[in-house]
Each structure stands twice: as structure tokens, then as C-alpha cells.
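A.B. asks: structure06.csv is the file, holding CSV, C-alpha atoms and all ligand atoms:
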```
chain,number,residue,atom,x,y,z
H,1113,MET,CA,63.2,82.9,-20.7
H,1114,LEU,CA,61.6,83.4,-24.1
H,1115,ARG,CA,58.6,81.4,-23.1
H,1116,LEU,CA,58.3,83.2,-19.8
H,1117,ILE,CA,58.1,86.6,-21.5
H,1118,ASN,CA,55.1,85.3,-23.4
H,1119,VAL,CA,53.1,85.0,-20.2
H,1120,HIS,CA,51.0,88.1,-19.9
H,1121,GLY,CA,51.4,88.3,-16.1
H,1122,PHE,CA,55.2,88.3,-16.5
H,1123,PHE,CA,55.0,91.1,-19.0
H,1124,TRP,CA,53.0,93.2,-16.6
H,1125,LEU,CA,55.6,92.4,-13.9
H,1126,LEU,CA,58.4,93.4,-16.2
H,1127,LEU,CA,56.9,96.8,-16.9
H,1128,ALA,CA,56.4,97.3,-13.1
H,1129,VAL,CA,60.1,96.8,-12.4
H,1130,PRO,CA,61.1,100.5,-12.7
H,1131,ALA,CA,58.2,101.7,-10.6
H,1132,ILE,CA,58.9,99.1,-7.9
H,1133,GLY,CA,62.6,100.1,-7.9
H,1134,MET,CA,61.8,103.8,-7.6
H,1135,THR,CA,59.2,103.2,-4.9
H,1136,ILE,CA,61.7,101.1,-2.8
H,1137,GLY,CA,64.3,103.8,-3.3
H,1138,PHE,CA,61.8,106.4,-2.1
H,1139,LEU,CA,60.7,104.4,1.0
H,1140,ARG,CA,64.3,103.9,2.0
H,1141,ASP,CA,65.2,107.5,1.7
H,1142,PRO,CA,62.3,110.0,1.0
H,1143,VAL,CA,64.8,112.8,0.3
H,1144,THR,CA,65.4,111.1,-3.1
H,1145,ALA,CA,61.9,112.1,-4.2
H,1146,PHE,CA,63.5,115.1,-5.9
H,1147,ASP,CA,65.8,112.9,-7.9
H,1148,LEU,CA,63.0,110.4,-8.7
H,1149,ILE,CA,60.9,113.0,-10.5
H,1150,HIS,CA,63.1,112.8,-13.6
H,1151,PRO,CA,63.3,109.0,-14.1
H,1152,SER,CA,59.6,108.4,-13.2
H,1153,GLY,CA,58.6,110.9,-15.9
H,1154,GLU,CA,60.9,109.4,-18.4
H,1155,PHE,CA,59.6,105.9,-17.9
H,1156,SER,CA,56.1,107.1,-18.3
H,1157,VAL,CA,57.1,108.8,-21.6
H,1158,ARG,CA,58.9,105.7,-22.8
H,1159,PHE,CA,56.0,103.3,-22.2
H,1160,MET,CA,53.6,105.8,-23.9
H,1161,ILE,CA,55.9,106.0,-26.9
H,1162,MET,CA,56.3,102.2,-27.1
H,1163,ALA,CA,52.5,101.9,-27.0
H,1164,MET,CA,52.0,104.6,-29.7
H,1165,MET,CA,54.6,103.1,-32.1
H,1166,ILE,CA,52.6,99.9,-32.6
H,1167,SER,CA,49.9,101.4,-34.7
H,1168,PRO,CA,52.2,103.1,-37.3
H,1169,LEU,CA,54.4,100.0,-37.4
H,1170,ARG,CA,51.3,97.9,-38.4
H,1171,ALA,CA,50.4,100.5,-41.0
H,1172,LEU,CA,53.9,100.2,-42.5
H,1173,PHE,CA,54.6,96.5,-42.2
H,1174,GLY,CA,51.2,95.0,-42.2
H,1175,ARG,CA,50.3,92.0,-40.1
H,1176,GLN,CA,53.4,90.5,-38.5
H,1177,ARG,CA,53.7,88.1,-35.7
H,1178,TRP,CA,55.9,90.3,-33.6
H,1179,LEU,CA,53.5,93.2,-34.1
H,1180,ASP,CA,50.6,91.1,-33.1
H,1181,TRP,CA,52.6,90.1,-30.0
H,1182,LEU,CA,53.1,93.8,-29.2
H,1183,LEU,CA,49.5,94.7,-29.9
H,1184,ALA,CA,48.4,92.1,-27.4
H,1185,ARG,CA,50.4,93.9,-24.8
H,1186,ARG,CA,49.6,97.5,-25.8
H,1187,ARG,CA,47.2,97.9,-22.9
H,1188,ALA,CA,49.9,96.9,-20.4
H,1189,LEU,CA,52.2,99.5,-21.9
H,1190,GLY,CA,49.5,102.2,-21.7
H,1191,VAL,CA,48.6,101.4,-18.1
H,1192,ALA,CA,52.3,101.3,-17.2
H,1193,ALA,CA,52.7,104.8,-18.7
H,1194,CYS,CA,49.7,106.0,-16.6
H,1195,LEU,CA,51.0,104.5,-13.4
H,1196,CYS,CA,54.5,105.8,-13.8
H,1197,GLY,CA,52.9,109.2,-14.5
H,1198,LEU,CA,51.0,109.0,-11.2
H,1199,LEU,CA,54.2,108.0,-9.4
H,1200,HIS,CA,55.9,111.0,-11.0
H,1201,LEU,CA,53.2,113.2,-9.7
H,1202,ALA,CA,53.5,111.6,-6.2
H,1203,PHE,CA,57.2,112.3,-6.1
H,1204,TYR,CA,56.6,115.9,-7.3
H,1205,LEU,CA,53.9,116.5,-4.6
H,1206,TYR,CA,56.1,115.0,-1.9
H,1207,ASP,CA,59.1,117.0,-3.0
H,1208,MET,CA,57.1,120.2,-3.0
H,1209,GLY,CA,55.4,119.5,0.3
H,1210,ASP,CA,53.4,122.7,0.3
H,1211,TRP,CA,49.9,122.9,-1.2
H,1212,GLY,CA,50.0,126.7,-1.6
H,1213,MET,CA,53.2,126.4,-3.7
H,1214,ILE,CA,51.8,123.4,-5.6
H,1215,ALA,CA,48.8,125.5,-6.6
H,1216,GLU,CA,51.0,128.4,-7.6
H,1217,GLU,CA,53.1,126.3,-9.8
H,1218,ALA,CA,50.1,124.6,-11.4
H,1219,LEU,CA,49.6,127.8,-13.4
H,1220,ILE,CA,53.1,127.7,-14.9
H,1221,PHE,CA,53.0,126.4,-18.5
H,1222,SER,CA,55.5,123.7,-18.0
H,1223,ILE,CA,53.5,122.3,-15.1
H,1224,TRP,CA,49.9,122.6,-16.3
H,1225,THR,CA,50.8,120.8,-19.5
H,1226,GLY,CA,51.9,117.9,-17.2
H,1227,TYR,CA,48.6,117.9,-15.3
H,1228,ALA,CA,46.6,118.1,-18.6
H,1229,ALA,CA,48.5,115.1,-20.0
H,1230,LEU,CA,48.1,113.1,-16.9
H,1231,ALA,CA,44.4,113.8,-16.8
H,1232,ILE,CA,44.1,112.2,-20.3
H,1233,PHE,CA,46.3,109.3,-19.1
H,1234,VAL,CA,44.1,108.7,-16.1
H,1235,ALA,CA,40.9,108.8,-18.2
H,1236,MET,CA,42.4,106.3,-20.6
H,1237,GLY,CA,43.8,104.2,-17.7
H,1238,VAL,CA,40.6,103.7,-15.8
H,1239,THR,CA,38.8,102.7,-19.0
H,1240,SER,CA,41.5,100.3,-20.1
H,1241,ASN,CA,39.3,97.2,-19.4
H,1242,ASN,CA,37.0,95.2,-21.6
H,1243,ALA,CA,33.9,96.2,-19.8
H,1244,SER,CA,34.5,99.9,-20.3
H,1245,GLN,CA,35.5,99.2,-23.9
H,1246,ARG,CA,32.1,97.6,-24.5
H,1247,ALA,CA,30.1,100.1,-22.6
H,1248,MET,CA,31.6,103.1,-24.3
H,1249,ARG,CA,31.4,101.7,-27.9
H,1250,ALA,CA,32.7,104.3,-30.3
H,1251,ASN,CA,33.6,106.8,-27.6
H,1252,TRP,CA,36.2,104.4,-26.3
H,1253,LYS,CA,38.2,104.8,-29.5
H,1254,ARG,CA,37.7,108.6,-29.4
H,1255,LEU,CA,39.1,108.7,-25.9
H,1256,GLN,CA,42.1,106.6,-26.9
H,1257,ARG,CA,42.9,109.1,-29.7
H,1258,LEU,CA,43.4,111.8,-27.1
H,1259,VAL,CA,46.8,110.1,-26.6
H,1260,TYR,CA,48.1,112.3,-29.5
H,1261,PRO,CA,47.3,115.6,-27.7
H,1262,ALA,CA,48.6,114.0,-24.5
H,1263,ALA,CA,51.9,113.2,-26.3
H,1264,LEU,CA,52.2,116.8,-27.5
H,1265,LEU,CA,51.5,118.2,-24.0
H,1266,ILE,CA,54.2,115.9,-22.6
H,1267,ALA,CA,56.7,117.0,-25.2
H,1268,LEU,CA,56.0,120.6,-24.2
H,1269,HIS,CA,56.1,119.8,-20.5
H,1270,TRP,CA,59.5,118.2,-20.9
H,1271,VAL,CA,61.1,121.0,-22.9
H,1272,TYR,CA,59.8,123.8,-20.8
H,1273,VAL,CA,60.4,122.2,-17.4
H,1274,ASP,CA,63.9,121.3,-18.5
H,1275,GLY,CA,65.0,124.3,-20.5
H,1276,GLU,CA,66.5,122.1,-23.1
H,1277,THR,CA,65.2,120.0,-26.0
H,1278,MET,CA,67.7,117.1,-26.5
H,1279,GLY,CA,66.2,114.6,-24.1
H,1280,MET,CA,62.7,115.1,-25.5
H,1281,ILE,CA,63.9,114.9,-29.1
H,1282,VAL,CA,65.8,111.7,-28.6
H,1283,HIS,CA,62.7,110.0,-27.1
H,1284,PHE,CA,60.2,111.3,-29.6
H,1285,ALA,CA,62.2,110.9,-32.8
H,1286,PRO,CA,61.3,107.2,-33.4
H,1287,LEU,CA,57.6,107.9,-33.0
H,1288,LEU,CA,57.8,111.0,-35.2
H,1289,LEU,CA,59.6,109.2,-38.0
H,1290,LEU,CA,57.1,106.3,-37.9
H,1291,GLU,CA,54.1,108.7,-38.0
H,1292,THR,CA,55.6,110.7,-40.8
H,1293,ALA,CA,56.2,107.5,-42.8
H,1294,ARG,CA,52.6,106.4,-42.1
H,1295,VAL,CA,51.2,109.6,-43.4
H,1296,MET,CA,53.4,109.5,-46.5
H,1297,LEU,CA,52.3,106.0,-47.2
H,1298,MET,CA,48.7,107.0,-46.8
H,1299,PHE,CA,49.0,109.8,-49.3
H,1300,LYS,CA,50.9,107.6,-51.7
H,1301,ARG,CA,48.1,105.0,-51.6
H,1302,ARG,CA,45.5,107.6,-51.9
H,1303,SER,CA,47.0,109.2,-55.0
H,1304,ALA,CA,47.7,105.7,-56.5
H,1305,ARG,CA,44.0,104.9,-56.1
H,1306,SER,CA,42.7,108.2,-57.5
H,1307,GLY,CA,45.3,107.7,-60.4
H,1308,THR,CA,43.8,104.4,-61.5
H,1309,GLY,CA,40.4,105.8,-60.9
H,1310,ALA,CA,41.0,108.5,-63.5
H,1311,VAL,CA,42.2,106.0,-66.1
H,1312,THR,CA,39.3,103.7,-65.8
H,1313,GLY,CA,36.8,106.5,-65.9
C,1083,MET,CA,35.8,116.7,-27.1
C,1084,LYS,CA,36.7,115.9,-30.7
C,1085,PHE,CA,40.2,114.9,-31.6
C,1086,ALA,CA,40.8,117.9,-33.9
C,1087,GLN,CA,39.4,120.3,-31.3
C,1088,ALA,CA,41.7,118.9,-28.7
C,1089,MET,CA,44.8,119.2,-30.9
C,1090,LEU,CA,43.7,122.8,-31.8
C,1091,ALA,CA,43.3,123.7,-28.1
C,1092,VAL,CA,46.9,122.5,-27.3
C,1093,ALA,CA,48.2,124.3,-30.4
C,1094,ALA,CA,46.5,127.5,-29.3
C,1095,ALA,CA,47.8,127.3,-25.7
C,1096,THR,CA,51.3,126.7,-27.1
C,1097,ALA,CA,51.0,129.7,-29.4
C,1098,MET,CA,49.9,131.8,-26.5
C,1099,GLN,CA,52.9,130.6,-24.4
C,1100,PHE,CA,55.3,131.5,-27.2
C,1101,SER,CA,53.9,135.0,-27.7
C,1102,ALA,CA,54.0,135.5,-23.9
C,1103,SER,CA,57.7,134.5,-23.7
C,1104,PRO,CA,59.2,133.9,-27.1
C,1105,ASP,CA,62.7,133.4,-25.6
C,1106,ALA,CA,61.7,130.8,-23.0
C,1107,PHE,CA,64.1,128.2,-24.3
C,1108,ALA,CA,67.1,130.6,-24.7
C,1109,THR,CA,66.8,132.0,-21.2
C,1110,GLY,CA,66.1,128.7,-19.2
C,1111,LYS,CA,69.9,128.1,-19.1
C,1112,MET,CA,73.0,130.2,-18.5
C,1113,LYS,CA,76.6,130.2,-19.6
C,1114,CYS,CA,79.4,131.7,-17.6
C,1115,ASP,CA,82.9,132.5,-18.8
C,1116,ALA,CA,84.7,132.5,-15.5
C,1117,GLY,CA,88.2,131.3,-16.4
C,1118,PRO,CA,90.0,128.3,-14.9
C,1119,GLN,CA,88.4,126.5,-12.0
C,1120,SER,CA,91.4,127.2,-9.8
C,1121,GLY,CA,90.2,130.8,-9.6
C,1122,TRP,CA,86.7,129.8,-8.5
C,1123,LYS,CA,85.2,130.2,-5.1
C,1124,SER,CA,84.1,126.9,-3.6
C,1125,ARG,CA,80.6,125.6,-4.1
C,1126,THR,CA,80.3,124.8,-0.4
C,1127,ASP,CA,80.8,128.5,0.3
C,1128,LEU,CA,78.0,129.4,-2.1
C,1129,GLU,CA,75.7,126.9,-0.5
C,1130,ALA,CA,76.6,128.1,3.0
C,1131,LYS,CA,75.9,131.7,2.0
C,1132,LEU,CA,72.6,130.8,0.4
C,1133,LYS,CA,71.5,128.8,3.5
C,1134,LYS,CA,72.3,131.8,5.7
C,1135,ASP,CA,70.1,133.9,3.4
C,1136,GLY,CA,67.2,131.5,4.0
C,1137,TRP,CA,67.4,129.1,1.0
C,1138,THR,CA,67.0,125.4,1.2
C,1139,ILE,CA,69.4,123.6,-1.1
C,1140,LYS,CA,68.4,120.4,-2.8
C,1141,LYS,CA,71.4,120.0,-5.1
C,1142,SER,CA,74.2,122.0,-6.7
C,1143,LYS,CA,76.5,121.4,-9.6
C,1144,VAL,CA,78.5,123.0,-12.4
C,1145,ASP,CA,76.5,123.8,-15.5
C,1146,GLY,CA,77.6,125.9,-18.4
C,1147,GLY,CA,80.6,127.1,-16.5
C,1148,CYS,CA,78.3,128.5,-13.7
C,1149,TYR,CA,77.2,127.1,-10.4
C,1150,GLU,CA,73.7,125.8,-10.7
C,1151,VAL,CA,71.6,125.4,-7.6
C,1152,TYR,CA,68.3,123.5,-7.2
C,1153,GLY,CA,66.5,124.6,-4.1
C,1154,VAL,CA,63.8,126.7,-2.5
C,1155,THR,CA,64.1,130.4,-2.2
C,1156,PRO,CA,63.4,132.3,1.1
C,1157,GLU,CA,60.1,133.1,-0.5
C,1158,GLY,CA,59.3,129.4,-0.9
C,1159,GLN,CA,59.6,129.1,-4.6
C,1160,ASN,CA,61.2,125.9,-6.0
C,1161,VAL,CA,63.8,127.1,-8.4
C,1162,GLU,CA,66.9,126.4,-10.5
C,1163,ALA,CA,69.4,129.3,-10.0
C,1164,TYR,CA,72.7,130.2,-11.6
C,1165,PHE,CA,75.5,131.9,-9.9
C,1166,HIS,CA,78.9,133.2,-11.1
C,1167,PRO,CA,81.6,130.9,-9.7
C,1168,VAL,CA,84.0,133.8,-9.1
C,1169,THR,CA,81.8,136.7,-8.0
C,1170,MET,CA,79.0,134.5,-6.6
C,1171,GLU,CA,76.6,136.9,-8.2
C,1172,LYS,CA,73.1,135.6,-8.8
C,1173,LEU,CA,72.6,135.5,-12.6
C,1174,LEU,CA,69.4,133.7,-13.4
C,1175,VAL,CA,66.6,132.2,-11.4
C,1176,SER,CA,63.9,130.1,-13.1
C,1177,GLN,CA,60.8,128.4,-11.6
C,1178,ARG,CA,59.9,125.3,-13.6
C,1179,GLY,CA,61.4,126.8,-16.7
C,1180,LYS,CA,59.8,130.2,-16.2
C,1181,VAL,CA,62.4,132.9,-15.7
C,1182,ILE,CA,61.7,134.9,-12.5
C,1183,PHE,CA,65.0,136.7,-12.2
C,1184,LYS,CA,67.6,137.7,-14.7
C,1185,LYS,CA,70.6,139.9,-14.1
P,1,LIG,C1,50.8,115.5,-13.1
P,1,LIG,C2,51.4,116.6,-13.4
P,1,LIG,C3,52.9,116.6,-13.6
P,1,LIG,C4,53.7,117.4,-12.9
P,1,LIG,C5,53.3,118.3,-11.7
P,1,LIG,C6,55.0,117.2,-13.4
P,1,LIG,C7,56.2,117.8,-12.9
P,1,LIG,C8,57.5,117.7,-13.3
P,1,LIG,C9,58.6,118.3,-12.8
P,1,LIG,C10,58.6,119.3,-11.7
P,1,LIG,C11,59.7,117.9,-13.6
P,1,LIG,C12,61.1,118.4,-13.4
P,1,LIG,C13,61.9,117.3,-12.7
P,1,LIG,C14,63.4,117.7,-12.6
P,1,LIG,O1,63.8,118.8,-12.9
P,1,LIG,O2,64.1,116.9,-12.1
P,1,LIG,C15,59.2,117.0,-14.5
P,1,LIG,C16,60.0,116.4,-15.5
P,1,LIG,C17,59.5,115.4,-16.4
P,1,LIG,N1,58.2,115.1,-16.6
P,1,LIG,FE1,56.6,115.7,-15.5
P,1,LIG,N2,55.0,116.3,-14.4
P,1,LIG,C18,53.7,115.9,-14.6
P,1,LIG,C19,53.2,115.0,-15.5
P,1,LIG,C20,54.0,114.3,-16.4
P,1,LIG,C21,53.6,113.3,-17.3
P,1,LIG,C22,52.1,112.8,-17.4
P,1,LIG,C23,54.7,112.8,-17.9
P,1,LIG,C24,54.8,111.7,-18.9
P,1,LIG,C25,54.0,111.0,-19.5
P,1,LIG,C26,55.8,113.6,-17.5
P,1,LIG,C27,57.1,113.5,-18.0
P,1,LIG,C28,58.2,114.1,-17.6
P,1,LIG,C29,59.5,113.9,-18.0
P,1,LIG,C30,59.9,112.9,-19.1
P,1,LIG,C31,60.4,114.7,-17.3
P,1,LIG,C32,61.8,114.8,-17.4
P,1,LIG,C33,62.4,116.1,-17.7
P,1,LIG,C34,63.7,116.2,-17.2
P,1,LIG,O3,63.9,116.5,-16.0
P,1,LIG,O4,64.7,116.0,-17.9
P,1,LIG,N3,55.4,114.5,-16.6
P,1,LIG,N4,57.8,116.9,-14.4
```
Please lay out the structure from this file as C-alpha cells.
Ligand code: HEM
C.D. replies:
Amino acid sequence: MLRLINVHGFFWLLLAVPAIGMTIGFLRDPVTAFDLIHPSGEFSVRFMIMAMMISPLRALFGRQRWLDWLLARRRALGVAACLCGLLHLAFYLYDMGDWGMIAEEALIFSIWTGYAALAIFVAMGVTSNNASQRAMRANWKRLQRLVYPAALLIALHWVYVDGETMGMIVHFAPLLLLETARVMLMFKRRSARSGTGAVTG
Amino acid sequence: MKFAQAMLAVAAATAMQFSASPDAFATGKMKCDAGPQSGWKSRTDLEAKLKKDGWTIKKSKVDGGCYEVYGVTPEGQNVEAYFHPVTMEKLLVSQRGKVIFKK
């Protein structure tokens, strides 16, 4: 089992399980589209947060084998977040079933934040391959950094569409803690460096 | 778009949203103090009445001591609506978190 999870293809398959399950549920009974909006959105957020946690973890713990393992799979996590986001949109569109109403709702804050985040996800998703990475050079990294505003948009989307904050906070807390620790560490290192700099001249 | 500009744009949009509806969180949900459930009207009756009025019901449940209904209004809006379980009075209707009716 442990060896199997090291196979990249298997890891991709593992991440696809929720999406496959939800799609089967939908095909069996399309009325469930309404109930599937919530879990598909949540899985998208979860994959995004897992992908985003790797970088602060590395800043805090340095090079570790388990972090290298995760880093090698970050692209899979990001693409899974994007695909679950698209599935979420598909369930939403099916449930709405009326383009006029879909257009009307798109102007509501809780909904356009979702579209804006998904646009970023899609841009990142379609360039998540080595060829794009080479062709875009430094712009590729710039595009990847848009995941931070996307995360903010999704946090707002969640809170506003739901009318309560708890679910969002529970999901985002680990990431927020890690990012805070990373920033604190950065400042500590910086002040330590400028401190020694002052002594030596 | 640069990273800082993107973050700034999101922050500005959020600030605008807050100034437009500062109580958006507080009003998205509703609480009812309707006494013991034995005195409540049945949820099936509420659904039947709403259907007669032209609503489509997706789901209904008890939330915050009120009846909460997910559905489509006769005007075609997808909403989350709160009703008093004894008087059946409509208390609050929100469309994707945006309050469109409040008693
Ligand atoms: C493409 C535009 C999007 C639209 C139109 C949209 C629409 C919606 C709607 C209508 C709900 C409410 C579901 C319900 O009440 O059961 C919802 C919930 C949610 N959405 Fe989205 N969404 C979009 C994009 C996204 C993206 C990209 C993510 C995540 C990466 C996301 C994450 C969530 C989450 C976590 C919830 C759960 C909130 C809850 O019901 O507790 N959404 N979305």
C-alpha cells in the first residue's frame, strides 16, 4: 500500500476519487446537483489549501523527505483543486438551469468572487505542464502567485454564500497559522542579520 | 497583473462590499423563538402553501428555531428563506447571501 501511494499515477487517481464519486452520484440522480455544490466546493478548497501549505512548511522545517514527497505532488493537488472547482461550477449551472438567472446572480458579491477565483484556477490549471512552465519563464511564477488572491476570494465566497464563518475558518486556519509563522520567521532572520551587520560594521 | 495589485484589487472590492452592506453576516441567518415544537405547524404544510404560491422547493429544515427553505421564488430567484414555525410568516429571504427581503 505504501509503495503504491508513491506511484504518481496512483496519487492522481486518489485525488480523483471524490470527483468520481460525486459525478456518479449526479449521473444516477441529477436532482442531487443542488446537494453536490457544497462538497465539490469544499474538496476544491481542501486541495488548494494542501497545495498552499507545502511552501510555508518548507520555509519552517527546511528540506525534509516528506516535504519533498509532497512537493513532487503539488501540481496534482493544484490541478485537482481546479477540476473540483469546475465540477462545482457544473453542478451550480445545472442546479440553476436558467441562463438569465445565472447572469443575474453573477453580479452578487458571493458569486462573482467564486467566478474570479475559478478564473485564476483555470489559468493556473491549463499552464500546469512543463512546456508552459518553460515558455512562460518568470511569468509562470507570477501567475502561480495569484493563488493567494484566489484563496482570499474563495474565503469571501464561502462566508458570503453561506452566511456563516465557521466552515471557512476551520479550513483556512492551518494555512493561516503556517503563513503567519513563516512571516515571523522571515522577520526574525532579517533582524538577526541586520543585528550582526551593525556589530561588524 | 502584479501580485500586490491583485491583492489590492480584492481588498478594495471587499471594502466596497462591506460599506454597501456592513451587516451582511448578521442578517444572512435568522433566529426564531417559537416555543416547543409541539405548538408548531407542520413543515409539510408550509411547503404545500409555498408550492401553491408558485415556489419550487429544493429542501427544507429547521434552523435557528425557524423553518428554513431552499428553493426558487415565483419570480425565479434561487433563495434561502426563513419562516416562523407557528405563524408561517415569511421572515427573511436571501439570494446567495444577499438579503432581498426582511420583515
Ligand atoms: C465558478 C464560480 C462559482 C460559483 C458560481 C459558485 C457557487 C457556489 C454556490 C451557489 C454555493 C452555495 C452552495 C450551497 O449553499 O449548498 C457555493 C458554495 C461553496 N463554494 Fe462555490 N462557486 C464558485 C466557485 C468556487 C470555487 C473556485 C471554490 C473553491 C476553490 C468554491 C468553494 C466553495 C465552497 C467551499 C462552498 C461551500 C460553502 C457551503 O455551502 O458551506 N466555489 N458556491
A.B. asks: At a cut-off of 6 Å and counting only C-alpha atoms and all ligand atoms, what residues surround ligand LIG 1 (chain P)? Please answer as number ranges by chain.
C.D. replies: H: 1149-1150, 1153-1154, 1156-1157, 1197, 1201, 1204, 1223, 1226-1227, 1229-1230, 1266, 1270, 1273-1274
A.B. asks: Residues of chain H were defined as contacting chain C if any atom lay at most 6 Å from it, counting only C-alpha atoms; please report them as a list in words.
C.D. replies: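 Interface list for chain H against chain C: Pro1261, Tyr1272, Val1273 and Gly1275 of chain H.
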A.B. asks: Name the residues in contact with Phe1155 of chain H at a cut-off of 12 Å, using only C-alpha atoms, excluding same-chain residues fewer than 3 positions from it; report them as a VMD selection string.
C.D. replies: chain H and resid 1127 to 1131 1133 to 1134 1148 to 1152 1158 to 1162 1189 to 1200 1283
A.B. asks: Name the residues within 12 Å of (73.3, 138.5, -7.9), counting only C-alpha atoms in the file's coordinates, and put them as number ranges by chain.
C.D. replies: C: 1128, 1132, 1163-1175, 1183-1185
A.B. asks: At what distance in Å, to one decimal, does atom CA of Pro1168 of chain H lie from atom CA of Glu1291 of chain H?
C.D. replies: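 Computing the Euclidean distance for atom CA of Glu1291 of chain H and atom CA of Pro1168 of chain H yields 6.0 Å.
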